[in-house]
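**Student:** Below is a structure I'd like to ask you about.
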Amino acid sequence: MTIGSFKQAKEKKSRKNKQAVVDEQSPLLPTKHKEDAGFDEFDGASFSGAVFNLSTTIVGAGIMALPATMKSLGLIPGIAMIIFMAFLTEASIELLIRFSRTSKSASYGGLMGDTFGKYGKMLLQICILVNNIGVLVVYMIIIGDVLSGTNSSGVHHAGVLEGWFGTHWWNSRFFILLVTTLGIFAPLASLKRIDSLRFTSALSVALAVVFLVVTVGITIFKLMNGTILMPRLFPDVYDITSFLKLFTVVPVLVTAYICHYNVHSIENELEDSTQIRAVVKSSLALCSSVYVLTSLFGFLLFGDATLDDVLANFDTNLGIPLGSLLNDVVRVSYAAHLMLVFPIVFYPLRLNLDGLLFPSARPLTCDNLRFASISSGLIAIIFLGANFIPSIWDAFQFTGATAAVCIGFIFPASVTLRDRYGIATKKDKILCIFMIVIAVFSNVVAIYSDAYSLIKKNSSPRE
C-alpha cells in the first residue's frame with residue numbers, strides 16, 4: 001500500500017456497520033485496490049490500542065534529551081516549552097485531519113499530493129525517509145551502547161552485559177545488534193497492520209514509565225537526604241550568542257513530539273475513525289506528562305551535570321543504596337523500550353519508501369515479495385549504519401531534526417495556507433505563519449550553532 005495511493009469514498013463511521021452505498025456515476029468494477037484489501041476479517045482497532053501506538057510513536061529517543069533542555073532554558077521556561085509544544089503539535093495534527101477529510105485523502109502523502117501535486121508528495125516521503133532512518137539508526141546505536149558498551153573521548157563506558165559477564169565475543173556490539181535485529185526487529189517489522197503492534201506498544205509505554213518511576217524515586221530519596229542543589233529556574237542570558245543558543249532546543253522538542261506520519265495509518269485502522277482526535281489528545285496528554293516529569297526529575301537529579309543524553313548520567317555512581325542495580329534497571333528498561341518503538345517507526349518508513357519507488361503498484365500488503373524485499377533492505381541499511389557509524393548525533397541534528405520540523409509544522413502549515421477548499425480560518429492562517437517562522441528561524445539558528453561548535457571543536461587542537 002503506497003502513501004496517498006487511494007482516497008476514501010466516504011468517511012468511515014464504523015467498520016462493523018459499513019453498508020454499501022450506491023452511486024449511479026460510479027463504475028461497475030473498482031478501478032483501484034481498496035485500503036482494507038486483505039483485512040476483511042479485521043473489525044478495526046480499539047481506542048486504547050490506537051492511543052498506545054501513537055504514544056509509542058511519540059516517545060522514543062527524544063525523551064532522553066529533554067532534561068538537557070531544562071539545563072539550557074531553566075526549569076520554568078523548559079517545562080512551559082514542553083507543554084506549549086504539545087499544544088502546537090495537537091494544532092498541527094488537527095489541521096492535517098481536517099484538510100484530509102475535506103480533500104478525502106486517507107494519508108499524509110495523499111494530502112500533500114492533493115495540495116501540491118506529485119512533487120509535494122515526494123518531498124514529504126523523502127523527509128520521512130531521512131527522519132525515520134536517522135531515528136532508527138540512533139535507536140540501534142543506543143541499544144548497542146547500553147548492552148555492549150561504548151567509547152567516548154577515550155573513556156570506555158561498560159555495557160550492561162559487559163558489566164555482568166565480562167568481555168566476550170557474544171556480547172560484542174556487532175553480535176548483540178545482529179541477535180536483536182534477527183530476533184526482535186525482523187519479526188515485529190513483518191507485521192502488516194500497525195494495530196498488530198498494540199500490545200508491544202503498551203509494553204513500550206510501560207517501560208518508559210518504569211524509567212520515569214525509578215528516576216522520580218531516586219530524586220525523592222536524594223531530596224530527603226538533602227543532597228540535591230536548587231536548580232536554575234531561568235536561563236543564563238548574557239549576550240546575543242547565549243540568547244540565540246536558546247533556540248537550539250526547539251528541534252529537540254519538535255523531534256520529541258513528531259508522530260504525524262502515523263496518524264493516518266492509525267485512523268484508517270480505527271473501528272470508529274471519528275475517535276482520532278480523542279486519540280491524538282489522549283496520546284499527547286500522556287506523553288507530555290511523561291516528558292514533563294522526566295525533564296523535571298532528571299534535571300533535579302543531575303543539575304548542571306545533565307548530559308545531552310541523560311541515559312549517560314546513569315553510568316556513574318548515584319550515591320544511594322542499590323545504585324548500581326537501579327542504573328542497570330534504567331538502562332535495560334530504556335533499551336527494551338527502544339526495541340519495541342522500532343517497528344512503530346519502521347512501519348511508515350517502509351510505506352513511504354514503497355510509495356516513492358512504486359507509486360502505481362498494488363497495495364504493499366498484497367505483494368509479499370515486495371513487502372519482504374523492502375523490509376529486508378531497510379533493516380539491513382539501518383543495521384549497517386548502526387555498526388559502522390560510531391556516533392551520528394551531529395548528523396541527526398542536521399538531517400533528522402530538520403526533516404522532523406518539515407513533517408510536524410512546515411508541511412501542515414503550508415497545506416493550510418494553500419487552502420484549496422477554502423476552509424481555513426483567519427486564526428488558522430495566523431497560527432500557520434507563526435509555525436513556519438518559528439520552525440525556520442529556530443532550525444537555522446540550531447544548524448548555525450551546531451556547525452559553529454563542530455568547527456570550533458575540530459579546530460581547537462591546532463590552536
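Here, A, B, ... name the chains of the C-alpha cells in the order displayed, residue numbers run from 1 inside each chain, and ligands are numbered from 1 in the same displayed order.
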If we count only C-alpha atoms, what is near segment 291-296 of chain A at a cut-off of 8 Å, once residues fewer than 3 positions away on the same chain are taken out, given as a PyMOL selection string?
**Tutor:** chain A and resi 63+66-70+75+79+82-83+212+215-216+287-288+299-300
**Student:** What are the closest atom pairs, with distances in Å to one decimal, for all residues of segment 71-127 of chain A lying within 10 Å of segment 242-254 of chain A? Consider only C-alpha atoms, order rows by chain and residue number, and present the result as JSON lines.
**Tutor:**
```
{"residue": "A:Ser72", "atom": "CA", "partner": "A:Leu246", "partner_atom": "CA", "distance": 6.4}
{"residue": "A:Leu73", "atom": "CA", "partner": "A:Leu246", "partner_atom": "CA", "distance": 6.5}
{"residue": "A:Gly78", "atom": "CA", "partner": "A:Val249", "partner_atom": "CA", "distance": 9.3}
{"residue": "A:Met81", "atom": "CA", "partner": "A:Leu253", "partner_atom": "CA", "distance": 8.2}
{"residue": "A:Ile82", "atom": "CA", "partner": "A:Leu253", "partner_atom": "CA", "distance": 6.9}
{"residue": "A:Phe84", "atom": "CA", "partner": "A:Leu253", "partner_atom": "CA", "distance": 10.0}
{"residue": "A:Met85", "atom": "CA", "partner": "A:Leu253", "partner_atom": "CA", "distance": 7.0}
{"residue": "A:Ala86", "atom": "CA", "partner": "A:Val254", "partner_atom": "CA", "distance": 9.1}
{"residue": "A:Leu88", "atom": "CA", "partner": "A:Val254", "partner_atom": "CA", "distance": 9.6}
{"residue": "A:Thr89", "atom": "CA", "partner": "A:Val254", "partner_atom": "CA", "distance": 8.3}
```
**Student:** For Pro348 of chain A, which of A:Ile430, A:Val279, A:Leu129, A:Met224 is the closest residue, counting only C-alpha atoms?
**Tutor:**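 Smallest distance to Pro348 of chain A is found for A:Leu129.
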**Student:** I need the residues of segment 118-351 of chain A that end up classed as alpha helix (DSSP H) by DSSP on the backbone, written out as a PyMOL selection string.
**Tutor:** chain A and resi 118-148+160-165+173-180+186-189+198-224+240-245+249-257+260-269+276-302+323-351
**Student:** Within 8 Å of Ala404 of chain A, counting only C-alpha atoms, which residues qualify if same-chain residues fewer than 2 places away don't, as a list in words?
**Tutor:**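 My list of contacting residues is Cys127, Ile128, Asn131, Pro251, Val254, Thr255, Ile258, Gly400, Ala401, Thr402, Cys406, Ile407 and Gly408 of chain A.
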**Student:** How would the residues just chosen look if you wrote them out with N, CA, C and O atoms as a PDB file, in the first residue's frame?
**Tutor:**
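Output file out-v1.pdb is given in full below:
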```
ATOM      1  N   CYS A 127      11.382  13.387   3.223  1.00  0.00           N
ATOM      2  CA  CYS A 127      11.592  13.868   4.595  1.00  0.00           C
ATOM      3  C   CYS A 127      11.338  12.755   5.612  1.00  0.00           C
ATOM      4  O   CYS A 127      12.084  12.626   6.600  1.00  0.00           O
ATOM      5  N   ILE A 128      10.301  11.943   5.370  1.00  0.00           N
ATOM      6  CA  ILE A 128      10.019  10.842   6.287  1.00  0.00           C
ATOM      7  C   ILE A 128      11.142   9.798   6.230  1.00  0.00           C
ATOM      8  O   ILE A 128      11.549   9.255   7.262  1.00  0.00           O
ATOM      9  N   ASN A 131      14.126  11.349   8.135  1.00  0.00           N
ATOM     10  CA  ASN A 131      13.842  11.407   9.568  1.00  0.00           C
ATOM     11  C   ASN A 131      13.832  10.019  10.200  1.00  0.00           C
ATOM     12  O   ASN A 131      14.502   9.763  11.207  1.00  0.00           O
ATOM     13  N   PRO A 251      14.443  22.211  17.852  1.00  0.00           N
ATOM     14  CA  PRO A 251      14.428  20.952  17.084  1.00  0.00           C
ATOM     15  C   PRO A 251      14.328  19.724  17.971  1.00  0.00           C
ATOM     16  O   PRO A 251      13.701  18.728  17.586  1.00  0.00           O
ATOM     17  N   VAL A 254      10.677  19.496  18.956  1.00  0.00           N
ATOM     18  CA  VAL A 254       9.863  19.098  17.806  1.00  0.00           C
ATOM     19  C   VAL A 254      10.017  17.599  17.549  1.00  0.00           C
ATOM     20  O   VAL A 254       9.042  16.866  17.352  1.00  0.00           O
ATOM     21  N   THR A 255      11.274  17.126  17.551  1.00  0.00           N
ATOM     22  CA  THR A 255      11.547  15.707  17.321  1.00  0.00           C
ATOM     23  C   THR A 255      10.871  14.848  18.382  1.00  0.00           C
ATOM     24  O   THR A 255      10.392  13.748  18.100  1.00  0.00           O
ATOM     25  N   ILE A 258       7.176  14.350  17.304  1.00  0.00           N
ATOM     26  CA  ILE A 258       6.824  14.038  15.923  1.00  0.00           C
ATOM     27  C   ILE A 258       6.103  12.689  15.838  1.00  0.00           C
ATOM     28  O   ILE A 258       6.576  11.679  16.353  1.00  0.00           O
ATOM     29  N   GLY A 400      17.757  14.705  10.637  1.00  0.00           N
ATOM     30  CA  GLY A 400      16.512  14.271  11.263  1.00  0.00           C
ATOM     31  C   GLY A 400      15.711  15.401  11.851  1.00  0.00           C
ATOM     32  O   GLY A 400      14.495  15.481  11.655  1.00  0.00           O
ATOM     33  N   ALA A 401      16.379  16.297  12.579  1.00  0.00           N
ATOM     34  CA  ALA A 401      15.634  17.384  13.212  1.00  0.00           C
ATOM     35  C   ALA A 401      15.022  18.317  12.169  1.00  0.00           C
ATOM     36  O   ALA A 401      13.900  18.790  12.319  1.00  0.00           O
ATOM     37  N   THR A 402      15.762  18.595  11.111  1.00  0.00           N
ATOM     38  CA  THR A 402      15.243  19.477  10.065  1.00  0.00           C
ATOM     39  C   THR A 402      14.064  18.817   9.349  1.00  0.00           C
ATOM     40  O   THR A 402      13.036  19.459   9.107  1.00  0.00           O
ATOM     41  N   CYS A 406       9.882  19.900   9.215  1.00  0.00           N
ATOM     42  CA  CYS A 406       9.064  19.965   7.997  1.00  0.00           C
ATOM     43  C   CYS A 406       7.812  19.101   8.134  1.00  0.00           C
ATOM     44  O   CYS A 406       6.699  19.542   7.816  1.00  0.00           O
ATOM     45  N   ILE A 407       7.989  17.868   8.615  1.00  0.00           N
ATOM     46  CA  ILE A 407       6.861  16.945   8.761  1.00  0.00           C
ATOM     47  C   ILE A 407       5.859  17.451   9.781  1.00  0.00           C
ATOM     48  O   ILE A 407       4.648  17.376   9.587  1.00  0.00           O
ATOM     49  N   GLY A 408       6.370  17.995  10.898  1.00  0.00           N
ATOM     50  CA  GLY A 408       5.499  18.369  12.004  1.00  0.00           C
ATOM     51  C   GLY A 408       4.812  19.706  11.864  1.00  0.00           C
ATOM     52  O   GLY A 408       3.669  19.862  12.318  1.00  0.00           O
TER      53      GLY A 408
END
```
**Student:** Please measure the separation of atom CA of Glu162 of chain A and atom CA of Met140 of chain A, giving the value in Å to one decimal.
**Tutor:** 17.4 Å
**Student:** Residues near segment 52-55 of chain A, anyone? I mean within 8 Å using only C-alpha atoms, not counting same-chain ones fewer than 5 positions away, as a list in words.
**Tutor:**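 In the requested format, the answer is Ile194, Asp195, Leu197, Arg198, Ser201, Ala202, Val205, Cys259, Asn262, Val263, Ile266, Val279, Val280, Ser283, Leu284, Leu286, Cys287 and Ile344 of chain A.
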